[in-house]
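> This is upload31.pdb, which holds PDB, C-alpha atoms and all ligand atoms:
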ATOM      1  CA  MET A   1       0.000   0.000   0.000  1.00  0.00           C
ATOM      2  CA  PRO A   2       1.295   3.484  -0.847  1.00  0.00           C
ATOM      3  CA  ALA A   3       1.814   5.990   1.991  1.00  0.00           C
ATOM      4  CA  PRO A   4      -1.289   7.994   3.044  1.00  0.00           C
ATOM      5  CA  GLN A   5       0.040  11.171   1.366  1.00  0.00           C
ATOM      6  CA  ILE A   6       0.398   9.305  -1.914  1.00  0.00           C
ATOM      7  CA  GLU A   7      -3.052   7.710  -1.518  1.00  0.00           C
ATOM      8  CA  GLN A   8      -4.504  11.170  -0.916  1.00  0.00           C
ATOM      9  CA  LEU A   9      -2.919  12.539  -4.091  1.00  0.00           C
ATOM     10  CA  ILE A  10      -4.208   9.572  -6.117  1.00  0.00           C
ATOM     11  CA  HIS A  11      -7.668  10.126  -4.641  1.00  0.00           C
ATOM     12  CA  LEU A  12      -7.658  13.837  -5.598  1.00  0.00           C
ATOM     13  CA  MET A  13      -6.280  13.202  -9.086  1.00  0.00           C
ATOM     14  CA  SER A  14      -8.938  10.549  -9.734  1.00  0.00           C
ATOM     15  CA  LYS A  15     -11.594  13.297  -9.463  1.00  0.00           C
ATOM     16  CA  ILE A  16     -10.194  15.175 -12.467  1.00  0.00           C
ATOM     17  CA  PRO A  17     -12.302  14.679 -15.636  1.00  0.00           C
ATOM     18  CA  GLY A  18     -10.690  12.051 -17.830  1.00  0.00           C
ATOM     19  CA  PHE A  19      -8.927  10.429 -14.892  1.00  0.00           C
ATOM     20  CA  GLY A  20     -10.028   7.316 -13.040  1.00  0.00           C
ATOM     21  CA  PRO A  21      -8.270   5.585 -10.128  1.00  0.00           C
ATOM     22  CA  ARG A  22      -6.032   3.669 -12.525  1.00  0.00           C
ATOM     23  CA  SER A  23      -4.835   6.626 -14.598  1.00  0.00           C
ATOM     24  CA  ALA A  24      -4.509   8.698 -11.393  1.00  0.00           C
ATOM     25  CA  ARG A  25      -2.136   6.073  -9.972  1.00  0.00           C
ATOM     26  CA  ARG A  26      -0.080   6.110 -13.161  1.00  0.00           C
ATOM     27  CA  ALA A  27       0.033   9.911 -13.192  1.00  0.00           C
ATOM     28  CA  VAL A  28       1.139  10.070  -9.547  1.00  0.00           C
ATOM     29  CA  LEU A  29       3.907   7.526 -10.157  1.00  0.00           C
ATOM     30  CA  TYR A  30       5.020   9.562 -13.143  1.00  0.00           C
ATOM     31  CA  LEU A  31       5.066  12.789 -11.112  1.00  0.00           C
ATOM     32  CA  MET A  32       7.092  11.191  -8.323  1.00  0.00           C
ATOM     33  CA  ASN A  33       9.615   9.930 -10.863  1.00  0.00           C
ATOM     34  CA  LYS A  34       9.861  13.365 -12.519  1.00  0.00           C
ATOM     35  CA  LYS A  35      10.147  15.458  -9.389  1.00  0.00           C
ATOM     36  CA  GLU A  36      12.502  18.119 -10.739  1.00  0.00           C
ATOM     37  CA  SER A  37      11.271  18.389 -14.318  1.00  0.00           C
ATOM     38  CA  VAL A  38       7.485  18.020 -13.831  1.00  0.00           C
ATOM     39  CA  LEU A  39       6.261  17.744 -10.227  1.00  0.00           C
ATOM     40  CA  ASN A  40       7.911  20.874  -8.800  1.00  0.00           C
ATOM     41  CA  PRO A  41       6.998  23.139 -11.757  1.00  0.00           C
ATOM     42  CA  LEU A  42       3.465  21.698 -11.601  1.00  0.00           C
ATOM     43  CA  ILE A  43       3.153  22.704  -7.939  1.00  0.00           C
ATOM     44  CA  VAL A  44       4.249  26.264  -8.782  1.00  0.00           C
ATOM     45  CA  SER A  45       1.854  26.382 -11.717  1.00  0.00           C
ATOM     46  CA  LEU A  46      -1.124  25.038  -9.720  1.00  0.00           C
ATOM     47  CA  GLN A  47      -0.447  27.570  -6.974  1.00  0.00           C
ATOM     48  CA  ALA A  48      -0.242  30.434  -9.497  1.00  0.00           C
ATOM     49  CA  VAL A  49      -3.592  29.420 -11.002  1.00  0.00           C
ATOM     50  CA  ALA A  50      -5.182  29.015  -7.558  1.00  0.00           C
ATOM     51  CA  ASP A  51      -3.922  32.455  -6.475  1.00  0.00           C
ATOM     52  CA  ASN A  52      -4.681  34.443  -9.606  1.00  0.00           C
ATOM     53  CA  VAL A  53      -7.561  33.038 -11.594  1.00  0.00           C
ATOM     54  CA  LYS A  54     -11.045  34.413 -11.066  1.00  0.00           C
ATOM     55  CA  LYS A  55     -14.387  34.098 -12.763  1.00  0.00           C
ATOM     56  CA  CYS A  56     -15.365  37.085 -14.907  1.00  0.00           C
ATOM     57  CA  PRO A  57     -18.451  38.696 -13.341  1.00  0.00           C
ATOM     58  CA  ILE A  58     -19.773  39.637 -16.792  1.00  0.00           C
ATOM     59  CA  CYS A  59     -19.366  36.553 -18.979  1.00  0.00           C
ATOM     60  CA  GLY A  60     -18.291  33.694 -16.677  1.00  0.00           C
ATOM     61  CA  ASN A  61     -14.901  33.181 -18.362  1.00  0.00           C
ATOM     62  CA  MET A  62     -11.859  32.452 -16.171  1.00  0.00           C
ATOM     63  CA  ASP A  63      -8.944  34.872 -16.299  1.00  0.00           C
ATOM     64  CA  THR A  64      -6.329  36.541 -14.123  1.00  0.00           C
ATOM     65  CA  ILE A  65      -7.929  39.934 -14.690  1.00  0.00           C
ATOM     66  CA  GLU A  66     -11.441  41.114 -13.902  1.00  0.00           C
ATOM     67  CA  PRO A  67     -13.400  41.708 -16.120  1.00  0.00           C
ATOM     68  CA  CYS A  68     -11.703  39.109 -18.326  1.00  0.00           C
ATOM     69  CA  SER A  69      -9.450  40.062 -21.245  1.00  0.00           C
ATOM     70  CA  ILE A  70     -12.311  39.459 -23.718  1.00  0.00           C
ATOM     71  CA  CYS A  71     -14.900  41.604 -21.892  1.00  0.00           C
ATOM     72  CA  GLY A  72     -12.239  44.254 -21.284  1.00  0.00           C
ATOM     73  CA  ASP A  73     -11.075  44.418 -24.909  1.00  0.00           C
ATOM     74  CA  SER A  74     -12.459  47.634 -26.414  1.00  0.00           C
ATOM     75  CA  LYS A  75     -11.748  46.373 -29.946  1.00  0.00           C
ATOM     76  CA  ARG A  76     -14.322  43.586 -29.599  1.00  0.00           C
ATOM     77  CA  ASP A  77     -17.899  44.011 -30.755  1.00  0.00           C
ATOM     78  CA  VAL A  78     -20.250  44.511 -27.797  1.00  0.00           C
ATOM     79  CA  THR A  79     -23.343  44.129 -29.983  1.00  0.00           C
ATOM     80  CA  GLN A  80     -22.818  40.366 -30.389  1.00  0.00           C
ATOM     81  CA  ILE A  81     -22.927  37.803 -27.588  1.00  0.00           C
ATOM     82  CA  CYS A  82     -22.054  34.186 -28.280  1.00  0.00           C
ATOM     83  CA  VAL A  83     -23.631  31.826 -25.729  1.00  0.00           C
ATOM     84  CA  VAL A  84     -21.589  28.698 -24.910  1.00  0.00           C
ATOM     85  CA  GLN A  85     -22.063  25.874 -22.442  1.00  0.00           C
ATOM     86  CA  ASP A  86     -18.623  26.054 -20.866  1.00  0.00           C
ATOM     87  CA  ILE A  87     -15.206  27.688 -21.045  1.00  0.00           C
ATOM     88  CA  ALA A  88     -13.782  24.805 -23.120  1.00  0.00           C
ATOM     89  CA  ASP A  89     -16.185  25.832 -25.899  1.00  0.00           C
ATOM     90  CA  LEU A  90     -15.222  29.499 -25.512  1.00  0.00           C
ATOM     91  CA  TRP A  91     -11.586  28.465 -25.923  1.00  0.00           C
ATOM     92  CA  ALA A  92     -12.471  26.355 -28.984  1.00  0.00           C
ATOM     93  CA  LEU A  93     -14.153  29.364 -30.644  1.00  0.00           C
ATOM     94  CA  GLU A  94     -11.246  31.645 -29.725  1.00  0.00           C
ATOM     95  CA  ARG A  95      -8.813  29.099 -31.200  1.00  0.00           C
ATOM     96  CA  ALA A  96     -10.816  29.109 -34.422  1.00  0.00           C
ATOM     97  CA  GLY A  97     -10.294  32.891 -34.289  1.00  0.00           C
ATOM     98  CA  LEU A  98     -13.265  34.170 -36.261  1.00  0.00           C
ATOM     99  CA  PHE A  99     -15.531  35.686 -33.630  1.00  0.00           C
ATOM    100  CA  LYS A 100     -14.779  39.182 -32.394  1.00  0.00           C
ATOM    101  CA  GLY A 101     -17.775  39.771 -30.156  1.00  0.00           C
ATOM    102  CA  GLN A 102     -18.431  38.953 -26.501  1.00  0.00           C
ATOM    103  CA  TYR A 103     -19.259  35.627 -24.868  1.00  0.00           C
ATOM    104  CA  HIS A 104     -21.617  34.338 -22.224  1.00  0.00           C
ATOM    105  CA  VAL A 105     -20.728  31.088 -20.439  1.00  0.00           C
ATOM    106  CA  LEU A 106     -23.872  29.319 -19.208  1.00  0.00           C
ATOM    107  CA  GLY A 107     -22.033  26.876 -16.961  1.00  0.00           C
ATOM    108  CA  GLY A 108     -23.682  23.790 -18.486  1.00  0.00           C
ATOM    109  CA  VAL A 109     -26.914  22.839 -20.220  1.00  0.00           C
ATOM    110  CA  LEU A 110     -30.348  22.004 -18.864  1.00  0.00           C
ATOM    111  CA  SER A 111     -30.555  18.355 -17.898  1.00  0.00           C
ATOM    112  CA  ALA A 112     -33.392  16.589 -16.118  1.00  0.00           C
ATOM    113  CA  ILE A 113     -31.192  13.540 -15.420  1.00  0.00           C
ATOM    114  CA  ASP A 114     -28.365  15.558 -13.876  1.00  0.00           C
ATOM    115  CA  GLY A 115     -30.786  17.857 -12.042  1.00  0.00           C
ATOM    116  CA  VAL A 116     -29.652  20.991 -13.885  1.00  0.00           C
ATOM    117  CA  GLY A 117     -32.456  23.547 -14.044  1.00  0.00           C
ATOM    118  CA  PRO A 118     -32.451  27.163 -15.299  1.00  0.00           C
ATOM    119  CA  LYS A 119     -31.361  28.423 -11.873  1.00  0.00           C
ATOM    120  CA  GLU A 120     -28.138  26.407 -12.072  1.00  0.00           C
ATOM    121  CA  LEU A 121     -27.167  28.222 -15.284  1.00  0.00           C
ATOM    122  CA  SER A 122     -26.340  31.914 -15.753  1.00  0.00           C
ATOM    123  CA  ILE A 123     -29.452  32.584 -17.849  1.00  0.00           C
ATOM    124  CA  THR A 124     -30.765  35.468 -15.738  1.00  0.00           C
ATOM    125  CA  GLU A 125     -27.368  37.165 -16.115  1.00  0.00           C
ATOM    126  CA  LEU A 126     -27.604  36.745 -19.894  1.00  0.00           C
ATOM    127  CA  VAL A 127     -31.094  38.273 -19.965  1.00  0.00           C
ATOM    128  CA  ALA A 128     -29.778  41.203 -17.913  1.00  0.00           C
ATOM    129  CA  ARG A 129     -26.969  41.784 -20.411  1.00  0.00           C
ATOM    130  CA  VAL A 130     -29.450  41.787 -23.302  1.00  0.00           C
ATOM    131  CA  GLN A 131     -31.784  44.059 -21.354  1.00  0.00           C
ATOM    132  CA  SER A 132     -29.022  46.647 -20.975  1.00  0.00           C
ATOM    133  CA  GLY A 133     -29.657  47.534 -24.610  1.00  0.00           C
ATOM    134  CA  VAL A 134     -26.451  47.411 -26.671  1.00  0.00           C
ATOM    135  CA  VAL A 135     -26.783  43.781 -27.772  1.00  0.00           C
ATOM    136  CA  GLN A 136     -28.092  43.230 -31.308  1.00  0.00           C
ATOM    137  CA  GLU A 137     -27.366  39.540 -31.865  1.00  0.00           C
ATOM    138  CA  VAL A 138     -27.226  36.510 -29.580  1.00  0.00           C
ATOM    139  CA  ILE A 139     -25.548  33.489 -31.152  1.00  0.00           C
ATOM    140  CA  LEU A 140     -26.545  30.212 -29.507  1.00  0.00           C
ATOM    141  CA  ALA A 141     -23.415  28.050 -29.879  1.00  0.00           C
ATOM    142  CA  LEU A 142     -24.685  25.154 -27.798  1.00  0.00           C
ATOM    143  CA  PRO A 143     -23.997  21.447 -28.394  1.00  0.00           C
ATOM    144  CA  ALA A 144     -26.120  19.620 -30.978  1.00  0.00           C
ATOM    145  CA  THR A 145     -27.333  17.233 -28.255  1.00  0.00           C
ATOM    146  CA  VAL A 146     -30.915  16.924 -26.964  1.00  0.00           C
ATOM    147  CA  ASP A 147     -29.974  18.806 -23.771  1.00  0.00           C
ATOM    148  CA  GLY A 148     -28.020  21.416 -25.737  1.00  0.00           C
ATOM    149  CA  GLN A 149     -30.945  22.109 -28.047  1.00  0.00           C
ATOM    150  CA  THR A 150     -33.485  22.117 -25.188  1.00  0.00           C
ATOM    151  CA  THR A 151     -31.313  24.753 -23.561  1.00  0.00           C
ATOM    152  CA  ALA A 152     -31.113  26.757 -26.794  1.00  0.00           C
ATOM    153  CA  TYR A 153     -34.941  26.804 -27.055  1.00  0.00           C
ATOM    154  CA  TYR A 154     -35.272  27.799 -23.435  1.00  0.00           C
ATOM    155  CA  VAL A 155     -32.770  30.657 -23.768  1.00  0.00           C
ATOM    156  CA  ALA A 156     -34.377  31.837 -27.033  1.00  0.00           C
ATOM    157  CA  GLU A 157     -37.752  31.930 -25.289  1.00  0.00           C
ATOM    158  CA  ARG A 158     -36.374  33.994 -22.429  1.00  0.00           C
ATOM    159  CA  LEU A 159     -34.960  36.495 -24.962  1.00  0.00           C
ATOM    160  CA  GLU A 160     -38.049  36.556 -27.184  1.00  0.00           C
ATOM    161  CA  LYS A 161     -39.338  39.926 -26.079  1.00  0.00           C
ATOM    162  CA  TYR A 162     -36.150  41.820 -26.865  1.00  0.00           C
ATOM    163  CA  PRO A 163     -35.568  43.393 -30.302  1.00  0.00           C
ATOM    164  CA  ILE A 164     -32.510  41.289 -31.127  1.00  0.00           C
ATOM    165  CA  LYS A 165     -31.532  38.714 -33.702  1.00  0.00           C
ATOM    166  CA  ILE A 166     -31.113  35.183 -32.341  1.00  0.00           C
ATOM    167  CA  THR A 167     -28.950  32.875 -34.429  1.00  0.00           C
ATOM    168  CA  THR A 168     -27.447  29.416 -34.064  1.00  0.00           C
ATOM    169  CA  LEU A 169     -24.584  27.504 -35.622  1.00  0.00           C
ATOM    170  CA  SER A 170     -25.252  25.876 -38.988  1.00  0.00           C
ATOM    171  CA  ARG A 171     -25.973  22.184 -39.281  1.00  0.00           C
ATOM    172  CA  GLY A 172     -22.298  21.567 -39.973  1.00  0.00           C
ATOM    173  CA  VAL A 173     -22.140  20.700 -36.296  1.00  0.00           C
ATOM    174  CA  PRO A 174     -22.760  16.937 -36.156  1.00  0.00           C
ATOM    175  CA  VAL A 175     -25.691  15.714 -34.084  1.00  0.00           C
ATOM    176  CA  GLY A 176     -24.438  14.903 -30.608  1.00  0.00           C
ATOM    177  CA  GLY A 177     -21.464  17.169 -31.306  1.00  0.00           C
ATOM    178  CA  GLU A 178     -19.663  18.980 -28.543  1.00  0.00           C
ATOM    179  CA  LEU A 179     -18.034  22.142 -29.924  1.00  0.00           C
ATOM    180  CA  ASP A 180     -14.778  21.463 -28.160  1.00  0.00           C
ATOM    181  CA  TYR A 181     -14.248  18.294 -30.221  1.00  0.00           C
ATOM    182  CA  LEU A 182     -14.754  19.905 -33.613  1.00  0.00           C
ATOM    183  CA  ASP A 183     -11.754  20.714 -35.727  1.00  0.00           C
ATOM    184  CA  ASP A 184     -11.219  24.445 -36.216  1.00  0.00           C
ATOM    185  CA  GLY A 185     -12.265  24.336 -39.897  1.00  0.00           C
ATOM    186  CA  THR A 186     -15.644  22.715 -39.169  1.00  0.00           C
ATOM    187  CA  LEU A 187     -16.242  25.139 -36.324  1.00  0.00           C
ATOM    188  CA  GLN A 188     -15.407  28.124 -38.546  1.00  0.00           C
ATOM    189  CA  MET A 189     -17.794  26.907 -41.259  1.00  0.00           C
ATOM    190  CA  ALA A 190     -20.594  26.316 -38.767  1.00  0.00           C
ATOM    191  CA  PHE A 191     -20.048  29.750 -37.289  1.00  0.00           C
ATOM    192  CA  LYS A 192     -19.886  31.661 -40.579  1.00  0.00           C
ATOM    193  CA  ALA A 193     -22.976  29.877 -41.928  1.00  0.00           C
ATOM    194  CA  ARG A 194     -24.992  30.558 -38.814  1.00  0.00           C
ATOM    195  CA  ARG A 195     -28.731  30.864 -39.324  1.00  0.00           C
ATOM    196  CA  ASP A 196     -31.733  32.394 -37.621  1.00  0.00           C
ATOM    197  CA  PHE A 197     -32.860  30.372 -34.667  1.00  0.00           C
TER
HETATM  198 ZN    ZN A 201     -15.682  38.252 -19.368  1.00  0.00          ZN
END
In structure tokens, write the structure found in this file.

Amino acid sequence: MPAPQIEQLIHLMSKIPGFGPRSARRAVLYLMNKKESVLNPLIVSLQAVADNVKKCPICGNMDTIEPCSICGDSKRDVTQICVVQDIADLWALERAGLFKGQYHVLGGVLSAIDGVGPKELSITELVARVQSGVVQEVILALPATVDGQTTAYYVAERLEKYPIKITTLSRGVPVGGELDYLDDGTLQMAFKARRDF
């Protein structure tokens, strides 16, 4: 049996998405073997993230500055808000590099099975941003899953009474597709060919 400190680290690592107990054990062994080149720099890096990263009060992105570098960038178009399920999707769209507006991170999608209702998502905050008046287009860039599309309909309904255009990504996004897994070219096409919701 490994020492309690090692067990504890394996236990914590196994909670990370993509890790299970087995891959956590392998990762911990690797880290212990690479103390100087990986483990120590990793500790410094984790501490820096823990100390400096905060959630943007406007869009829900994570950054070291507040508001985040996207919300604070005066060159970006404040009349367009792209709604995404999580920060991974925001990063995917930024990597594709074609959108120059603002984002809104919902923090998930509605899901009866997982007990995620509208209150668990930042929908009220989105409505408030639209209500403030400068927004002209809301782009619903949500996954092409049943939950993703249910969420898109719900959000569209909440925004119905405002004089804005509501669009969604083109059908280039495969059914069941999570944005984060699309290659940049497909994502760019889907974004450029977006249609009225
Ligand atoms: Zn922001």
> Could you list, as a list of chain:residue names, all residues that come within 8 Å of ligand ZN 201 (chain A)? Count all atoms listed in the file.
A:Lys55, A:Cys56, A:Pro57, A:Ile58, A:Cys59, A:Gly60, A:Asn61, A:Met62, A:Glu66, A:Pro67, A:Cys68, A:Ser69, A:Ile70, A:Cys71, A:Gly72, A:Gln102, A:Tyr103, A:His104
> Which residue is closest to Ile166 in chain A? Choose from A:Ala112, A:Val78, A:Asp196, A:Ala48 and count all atoms listed in the file.
A:Asp196
> Which of these, A:Met1, A:Ala144, A:Val135, A:Ala24, has the shortest distance to Leu182 in chain A once you count only C-alpha atoms?
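That would be A:Ala144, the residue with the smallest distance to Leu182 in chain A.
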> Taking the file as shown, find all residues satisfying the PyMOL selection byres (((chain A and resi 183) around 12) and not hetatm) and write them as a PyMOL selection string.
chain A and resi 89+92-93+95-96+172-174+177-182+184-190
> May I ask which of the residues A:Ile87, A:Val127, A:Ala50, A:Leu121 is the closest one to Glu157 in chain A, counting all atoms listed in the file?
A:Val127
> How many Å separate CA of Phe197 in chain A from CA of Tyr153 in chain A?
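Distance reported for this atom pair: 8.7 Å.
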> Need to verify the contact set: Leu140 in chain A, 9 Å, all atoms listed in the file, exclusion of same-chain residues closer than 5 positions in sequence. Can you return it as a list in words?
Ile81, Cys82, Val83, Val84, Ala152, Val155, Ala156, Ile166, Thr167, Thr168, Leu169 and Phe197 of chain A
> Those residues you just picked out, can you put them in a file as a PDB file, in the coordinates of the input with C-alpha atoms?

ATOM      1  CA  ILE A  81     -22.927  37.803 -27.588  1.00  0.00           C
ATOM      2  CA  CYS A  82     -22.054  34.186 -28.280  1.00  0.00           C
ATOM      3  CA  VAL A  83     -23.631  31.826 -25.729  1.00  0.00           C
ATOM      4  CA  VAL A  84     -21.589  28.698 -24.910  1.00  0.00           C
ATOM      5  CA  ALA A 152     -31.113  26.757 -26.794  1.00  0.00           C
ATOM      6  CA  VAL A 155     -32.770  30.657 -23.768  1.00  0.00           C
ATOM      7  CA  ALA A 156     -34.377  31.837 -27.033  1.00  0.00           C
ATOM      8  CA  ILE A 166     -31.113  35.183 -32.341  1.00  0.00           C
ATOM      9  CA  THR A 167     -28.950  32.875 -34.429  1.00  0.00           C
ATOM     10  CA  THR A 168     -27.447  29.416 -34.064  1.00  0.00           C
ATOM     11  CA  LEU A 169     -24.584  27.504 -35.622  1.00  0.00           C
ATOM     12  CA  PHE A 197     -32.860  30.372 -34.667  1.00  0.00           C
TER      13      PHE A 197
END
> Using Å and a single decimal, report how far CA of Ile139 in chain A sits from CA of Lys100 in chain A.
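CA of Ile139 in chain A lies at a distance of 12.2 Å from CA of Lys100 in chain A.
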> Kindly list the centre and edge lengths in Å, rounded to one decimal, for the axis-aligned box that covers all listed atoms of range 148-156 of chain A plus 4 Å on each of its six sides, as JSON.

{"center_x": -31.6, "center_y": 26.6, "center_z": -25.7, "size_x": 15.3, "size_y": 18.4, "size_z": 12.6}
> Hey, can you check how far CA of Ser170 in chain A sits from CA of Asp77 in chain A?
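Taking CA of Ser170 in chain A and CA of Asp77 in chain A, their separation equals 21.2 Å.
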> Given the choices A:Gly20, A:Pro163, A:Pro4, A:Gly97, which gets closest to Gly133 in chain A if the distance is worked out from only C-alpha atoms?
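Nearest candidate to Gly133 in chain A out of A:Gly20, A:Pro163, A:Pro4, A:Gly97: A:Pro163.
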> Contacts of Asp147 in chain A at 7 Å or less, counting all atoms listed in the file, minus same-chain residues fewer than 4 places along, as a list of chain:residue names?
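Residues near the query, excluding close chain neighbours: A:Val109, A:Leu110, A:Ser111, A:Thr151.
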> Apply the PyMOL selection byres (((chain A and resi 11) around 12) and not hetatm) to the structure shown and report the selected residues as a PyMOL selection string.
chain A and resi 2+4-10+12-16+19-25+27-28
> Under the rule that all atoms listed in the file are counted, which of A:Glu36, A:Glu125, A:Asp51, A:Glu137 is the nearest residue to Gly101 in chain A?
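Closest to Gly101 in chain A of all the choices is A:Glu137.
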> Using the incomplete input, complete range 181-195 of chain A to the level of N, CA and C atoms; output as a PDB file, in the frame of the given file.

ATOM      1  N   TYR A 181     -14.847  19.403 -29.486  1.00  0.00           N
ATOM      2  CA  TYR A 181     -14.248  18.294 -30.221  1.00  0.00           C
ATOM      3  C   TYR A 181     -14.192  18.529 -31.728  1.00  0.00           C
ATOM      4  N   LEU A 182     -14.774  19.628 -32.174  1.00  0.00           N
ATOM      5  CA  LEU A 182     -14.754  19.905 -33.613  1.00  0.00           C
ATOM      6  C   LEU A 182     -13.396  20.433 -34.021  1.00  0.00           C
ATOM      7  N   ASP A 183     -12.986  20.095 -35.256  1.00  0.00           N
ATOM      8  CA  ASP A 183     -11.754  20.714 -35.727  1.00  0.00           C
ATOM      9  C   ASP A 183     -12.068  22.179 -36.063  1.00  0.00           C
ATOM     10  N   ASP A 184     -11.034  23.003 -36.056  1.00  0.00           N
ATOM     11  CA  ASP A 184     -11.219  24.445 -36.216  1.00  0.00           C
ATOM     12  C   ASP A 184     -11.938  24.799 -37.516  1.00  0.00           C
ATOM     13  N   GLY A 185     -11.646  24.053 -38.599  1.00  0.00           N
ATOM     14  CA  GLY A 185     -12.265  24.336 -39.897  1.00  0.00           C
ATOM     15  C   GLY A 185     -13.775  24.137 -39.853  1.00  0.00           C
ATOM     16  N   THR A 186     -14.207  23.019 -39.266  1.00  0.00           N
ATOM     17  CA  THR A 186     -15.644  22.715 -39.169  1.00  0.00           C
ATOM     18  C   THR A 186     -16.332  23.780 -38.320  1.00  0.00           C
ATOM     19  N   LEU A 187     -15.673  24.143 -37.223  1.00  0.00           N
ATOM     20  CA  LEU A 187     -16.242  25.139 -36.324  1.00  0.00           C
ATOM     21  C   LEU A 187     -16.380  26.491 -37.030  1.00  0.00           C
ATOM     22  N   GLN A 188     -15.361  26.858 -37.804  1.00  0.00           N
ATOM     23  CA  GLN A 188     -15.407  28.124 -38.546  1.00  0.00           C
ATOM     24  C   GLN A 188     -16.553  28.144 -39.539  1.00  0.00           C
ATOM     25  N   MET A 189     -16.720  27.016 -40.272  1.00  0.00           N
ATOM     26  CA  MET A 189     -17.794  26.907 -41.259  1.00  0.00           C
ATOM     27  C   MET A 189     -19.150  27.049 -40.583  1.00  0.00           C
ATOM     28  N   ALA A 190     -19.317  26.313 -39.478  1.00  0.00           N
ATOM     29  CA  ALA A 190     -20.594  26.316 -38.767  1.00  0.00           C
ATOM     30  C   ALA A 190     -20.907  27.712 -38.244  1.00  0.00           C
ATOM     31  N   PHE A 191     -19.857  28.415 -37.859  1.00  0.00           N
ATOM     32  CA  PHE A 191     -20.048  29.750 -37.289  1.00  0.00           C
ATOM     33  C   PHE A 191     -20.401  30.757 -38.378  1.00  0.00           C
ATOM     34  N   LYS A 192     -19.656  30.713 -39.483  1.00  0.00           N
ATOM     35  CA  LYS A 192     -19.886  31.661 -40.579  1.00  0.00           C
ATOM     36  C   LYS A 192     -21.269  31.466 -41.190  1.00  0.00           C
ATOM     37  N   ALA A 193     -21.685  30.186 -41.296  1.00  0.00           N
ATOM     38  CA  ALA A 193     -22.976  29.877 -41.928  1.00  0.00           C
ATOM     39  C   ALA A 193     -24.095  29.849 -40.904  1.00  0.00           C
ATOM     40  N   ARG A 194     -23.959  30.642 -39.843  1.00  0.00           N
ATOM     41  CA  ARG A 194     -24.992  30.558 -38.814  1.00  0.00           C
ATOM     42  C   ARG A 194     -26.319  31.073 -39.351  1.00  0.00           C
ATOM     43  N   ARG A 195     -27.408  30.565 -38.780  1.00  0.00           N
ATOM     44  CA  ARG A 195     -28.731  30.864 -39.324  1.00  0.00           C
ATOM     45  C   ARG A 195     -29.638  31.379 -38.210  1.00  0.00           C
TER      46      ARG A 195
END
